[in-house]
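Student: The structure follows.
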Amino acid sequence: MKHCDACSVDFTGDMARCPLCQNELHGEASPAAFPAQQIYLRPRRLTVEIITFVAGAILLLLGFFAYLFSWPIPIVSASAAALIISMLFINSAILHAPRPLRLMFRYFYIMLAIALVWFVATMNHVVTMFVIPITCLVSLVFDVVLLIVLRAKAIDQYAKYLAFDIVAGLLPLTFIPLGWAPWDVLVMVSGLVSLLVLLGLLVFARRQLFSEFGKQFSA
């Protein structure tokens with residue numbers, strides 16, 4: 001019989017992970033009493049594969065633009081490191097955390113809050129030109145992956161988070177008239193991707209989206 005150290009529960013069957021918390025089980029397998037977890041874990045693994053591919057594509061684009069526009073190496077290195085660390089954290093949470101999606105949304109909000117505090121303290125335009133737009137873009141990419149994998153369930157359970165991410169992706173556009181983004185390409189890209197995600201939701205899931213917001217505000 002296998003044992004979950006986190007839940008202090010014993011399980012029969014040849015399961016690799018606890019069905020309650022997704023932590024790794026230890027011990028010898030006994031005759032199965034639960035179905036195999038492949039069906040349960042398949043959406044998570046697909047999500048991890050898509051996020052890994054998208055992160056790799058963003059890294060390639062980052063290197064391309066860095067060469068094309070002669071970006072400073074420290075900025076490019078820091079951006080690439082932040083992206084890789086975020087990808088590893090997100091993938092680990094998706095595979096192992098009991099409720100990974102809400103954790104992911106909140107992670108992006110914490111990153112944005114840290115970036116804003118950093119900017120207020122230093123008034124460094126690197127934050128407004130690179131850090132905040134890249135964080136918004138990564139969160140929007142995460143939203144798109146979530147919609148692809150979960151489809152209608154993503155809107156049912158996370159409509160308010162999706163709306164907040166769209167608003168957050170549009171806010172960097174205010175940096176341009178304020179003079180906080182002398183190089184505004186990433187800011188413009190963040191706004192464009194936000195509008196594309198909003199357009200996709202309005203075209204393909206308008207009724208469901210309005211229904212979810214109706215439930216939120218009718219209570």
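Each chain of the structure tokens is named A, B, ... in the order shown, its residues numbered from 1; ligands are numbered from 1 in display order.
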Identify, on the basis of only C-alpha atoms, every residue whose closest approach to Leu103 of chain A does not exceed 12 Å; exclude the query and any residue fewer than 2 positions from it along the same chain; express the result as a PyMOL selection string.

Tutor: chain A and resi 89-94+96-101+105-110+158+161

Student: Can you list, as a PyMOL selection string, every protein, DNA or RNA residue that comes within 10 Å of Ile50 of chain A when you count only C-alpha atoms, leaving out same-chain residues fewer than 5 positions away?

Tutor: chain A and resi 44-45+55-56+141-142+145-146+148-149

Student: How would the residues just picked look written out with all heavy atoms as an mmCIF file, in the first residue's frame?

Tutor:
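Result saved to selection_21.cif:
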data_model
loop_
_atom_site.group_PDB
_atom_site.id
_atom_site.type_symbol
_atom_site.label_atom_id
_atom_site.label_comp_id
_atom_site.auth_asym_id
_atom_site.auth_seq_id
_atom_site.Cartn_x
_atom_site.Cartn_y
_atom_site.Cartn_z
ATOM 1 N N ARG A 44 -2.657 18.615 -17.603
ATOM 2 C CA ARG A 44 -1.543 19.329 -16.976
ATOM 3 C C ARG A 44 -0.272 19.186 -17.793
ATOM 4 O O ARG A 44 0.467 20.159 -17.991
ATOM 5 C CB ARG A 44 -1.315 18.815 -15.552
ATOM 6 C CG ARG A 44 -2.475 19.088 -14.591
ATOM 7 C CD ARG A 44 -2.063 18.808 -13.166
ATOM 8 N NE ARG A 44 -3.159 19.126 -12.222
ATOM 9 C CZ ARG A 44 -2.965 19.436 -10.956
ATOM 10 N NH1 ARG A 44 -1.742 19.490 -10.462
ATOM 11 N NH2 ARG A 44 -3.981 19.703 -10.161
ATOM 12 N N ARG A 45 -0.022 17.988 -18.257
ATOM 13 C CA ARG A 45 1.193 17.772 -19.049
ATOM 14 C C ARG A 45 1.120 18.522 -20.381
ATOM 15 O O ARG A 45 2.124 19.076 -20.842
ATOM 16 C CB ARG A 45 1.390 16.274 -19.287
ATOM 17 C CG ARG A 45 1.797 15.524 -18.025
ATOM 18 C CD ARG A 45 1.789 14.035 -18.219
ATOM 19 N NE ARG A 45 2.234 13.348 -17.012
ATOM 20 C CZ ARG A 45 2.044 12.056 -16.781
ATOM 21 N NH1 ARG A 45 1.403 11.315 -17.675
ATOM 22 N NH2 ARG A 45 2.490 11.508 -15.656
ATOM 23 N N ALA A 55 7.495 29.660 -24.059
ATOM 24 C CA ALA A 55 8.628 30.310 -23.395
ATOM 25 C C ALA A 55 9.877 30.236 -24.266
ATOM 26 O O ALA A 55 10.640 31.208 -24.373
ATOM 27 C CB ALA A 55 8.881 29.667 -22.037
ATOM 28 N N GLY A 56 10.103 29.076 -24.894
ATOM 29 C CA GLY A 56 11.240 28.963 -25.803
ATOM 30 C C GLY A 56 11.132 29.908 -26.985
ATOM 31 O O GLY A 56 12.127 30.534 -27.392
ATOM 32 N N VAL A 141 -0.153 35.115 -22.298
ATOM 33 C CA VAL A 141 0.138 33.828 -22.943
ATOM 34 C C VAL A 141 -0.390 32.686 -22.079
ATOM 35 O O VAL A 141 -0.967 31.714 -22.586
ATOM 36 C CB VAL A 141 1.651 33.686 -23.192
ATOM 37 C CG1 VAL A 141 1.995 32.254 -23.599
ATOM 38 C CG2 VAL A 141 2.110 34.659 -24.265
ATOM 39 N N PHE A 142 -0.197 32.794 -20.774
ATOM 40 C CA PHE A 142 -0.740 31.792 -19.857
ATOM 41 C C PHE A 142 -2.258 31.705 -19.989
ATOM 42 O O PHE A 142 -2.835 30.600 -19.997
ATOM 43 C CB PHE A 142 -0.351 32.149 -18.425
ATOM 44 C CG PHE A 142 -0.972 31.263 -17.383
ATOM 45 C CD1 PHE A 142 -0.498 29.985 -17.160
ATOM 46 C CD2 PHE A 142 -2.043 31.723 -16.619
ATOM 47 C CE1 PHE A 142 -1.070 29.168 -16.199
ATOM 48 C CE2 PHE A 142 -2.620 30.917 -15.658
ATOM 49 C CZ PHE A 142 -2.129 29.636 -15.443
ATOM 50 N N VAL A 145 -3.117 29.817 -23.219
ATOM 51 C CA VAL A 145 -2.894 28.381 -23.035
ATOM 52 C C VAL A 145 -4.017 27.776 -22.202
ATOM 53 O O VAL A 145 -4.530 26.692 -22.512
ATOM 54 C CB VAL A 145 -1.523 28.134 -22.376
ATOM 55 C CG1 VAL A 145 -1.355 26.655 -22.020
ATOM 56 C CG2 VAL A 145 -0.390 28.575 -23.284
ATOM 57 N N LEU A 146 -4.423 28.482 -21.151
ATOM 58 C CA LEU A 146 -5.507 28.008 -20.299
ATOM 59 C C LEU A 146 -6.806 27.858 -21.086
ATOM 60 O O LEU A 146 -7.524 26.860 -20.942
ATOM 61 C CB LEU A 146 -5.696 28.991 -19.145
ATOM 62 C CG LEU A 146 -6.657 28.572 -18.028
ATOM 63 C CD1 LEU A 146 -6.080 27.401 -17.249
ATOM 64 C CD2 LEU A 146 -6.912 29.749 -17.093
ATOM 65 N N ILE A 148 -7.062 27.347 -24.304
ATOM 66 C CA ILE A 148 -6.907 26.248 -25.264
ATOM 67 C C ILE A 148 -7.112 24.900 -24.582
ATOM 68 O O ILE A 148 -7.796 24.011 -25.108
ATOM 69 C CB ILE A 148 -5.522 26.309 -25.933
ATOM 70 C CG1 ILE A 148 -5.420 27.545 -26.826
ATOM 71 C CG2 ILE A 148 -5.255 25.042 -26.751
ATOM 72 C CD1 ILE A 148 -4.037 27.775 -27.395
ATOM 73 N N VAL A 149 -6.541 24.754 -23.387
ATOM 74 C CA VAL A 149 -6.574 23.458 -22.707
ATOM 75 C C VAL A 149 -7.929 23.203 -22.036
ATOM 76 O O VAL A 149 -8.511 22.131 -22.176
ATOM 77 C CB VAL A 149 -5.434 23.382 -21.666
ATOM 78 C CG1 VAL A 149 -5.542 22.086 -20.859
ATOM 79 C CG2 VAL A 149 -4.079 23.450 -22.351
#

Student: I want to know what sits within 9 Å of Glu24 of chain A, based on only C-alpha atoms, with residues of the same chain fewer than 5 positions away left out; could you give that as number ranges by chain?

Tutor: A: 3-5, 15-18, 96

Student: Under the rule that only C-alpha atoms are counted, which of A:Ala115, A:Arg102, A:Asp156, A:Val120 is the nearest residue to Lys215 of chain A?

Tutor: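 Closest candidate: A:Asp156.
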
Student: Need to verify the contact set: Asp143 of chain A, 7 Å, only C-alpha atoms, exclusion of same-chain residues closer than 4 positions in sequence. Can you return it as a ChimeraX atom specification?

Tutor: /A:139,147,162

Student: Determine, counting only C-alpha atoms, which protein, DNA and RNA residues have an atom within 12 Å of an atom of segment 60-74 of chain A; residues of the same chain fewer than 4 positions away are not included. Present the result as a list in words.

Tutor: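 The neighbour list is Phe53, Val54, Ala55, Gly56, Ala78, Ser79, Ala80, Ala81, Leu83, Val126, Met129, Phe130, Ile134, Trp183, Val185 and Leu186 of chain A.
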
Student: Could you give me, as an MDAnalysis selection string, each residue of segment 2-211 of chain A that DSSP assigns to strand (DSSP E) when run on this structure's backbone?

Tutor: chainID A and resid 2:4 9:11 26:27

Student: Can you measure atom CA of Ile176 of chain A to atom CA of Cys136 of chain A for me? One decimal in Å is fine.

Tutor: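 About the pair atom CA of Ile176 of chain A and atom CA of Cys136 of chain A: they are 15.9 Å apart.
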
Student: Please determine, counting only C-alpha atoms, which residue among A:Leu150, A:Leu88, A:Ala6, A:Val76 has the shortest atom-to-atom distance to Val131 of chain A.

Tutor: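 Of A:Leu150, A:Leu88, A:Ala6, A:Val76, the one nearest Val131 of chain A is A:Val76, counting only C-alpha atoms.
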
Student: Return the single residue from A:Met104, A:Ala159, A:Ala168, A:Val187 that is closest to His125 of chain A, with distances computed using only C-alpha atoms.

Tutor: A:Val187

Student: Counting only C-alpha atoms, figure out which residue out of A:Leu178, A:Leu25, A:Leu20, A:Val193 gets nearest to Met1 of chain A.

Tutor: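 For Met1 of chain A, the nearest of the given residues is A:Leu25.
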
Student: Could you check which of A:Ala181, A:Ala121, A:Val144, A:Ala205 is closest to Ile51 of chain A, using only C-alpha atoms?

Tutor: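 Between A:Ala181, A:Ala121, A:Val144, A:Ala205, the residue approaching Ile51 of chain A most closely is A:Val144.
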
Student: Rounded to one decimal in Å, what is the spacing between atom CA of Leu170 of chain A and atom CA of Glu212 of chain A?

Tutor: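 Rounded to one decimal, the two atoms are 21.7 Å apart.
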
Student: Return as an MDAnalysis selection string the full set of residues in chain A whose backbone-based DSSP assignment is alpha helix (DSSP H).

Tutor: chainID A and resid 38:69 73:96 100:122 125:126 132:150 152:170 175:178 185:204 206:218
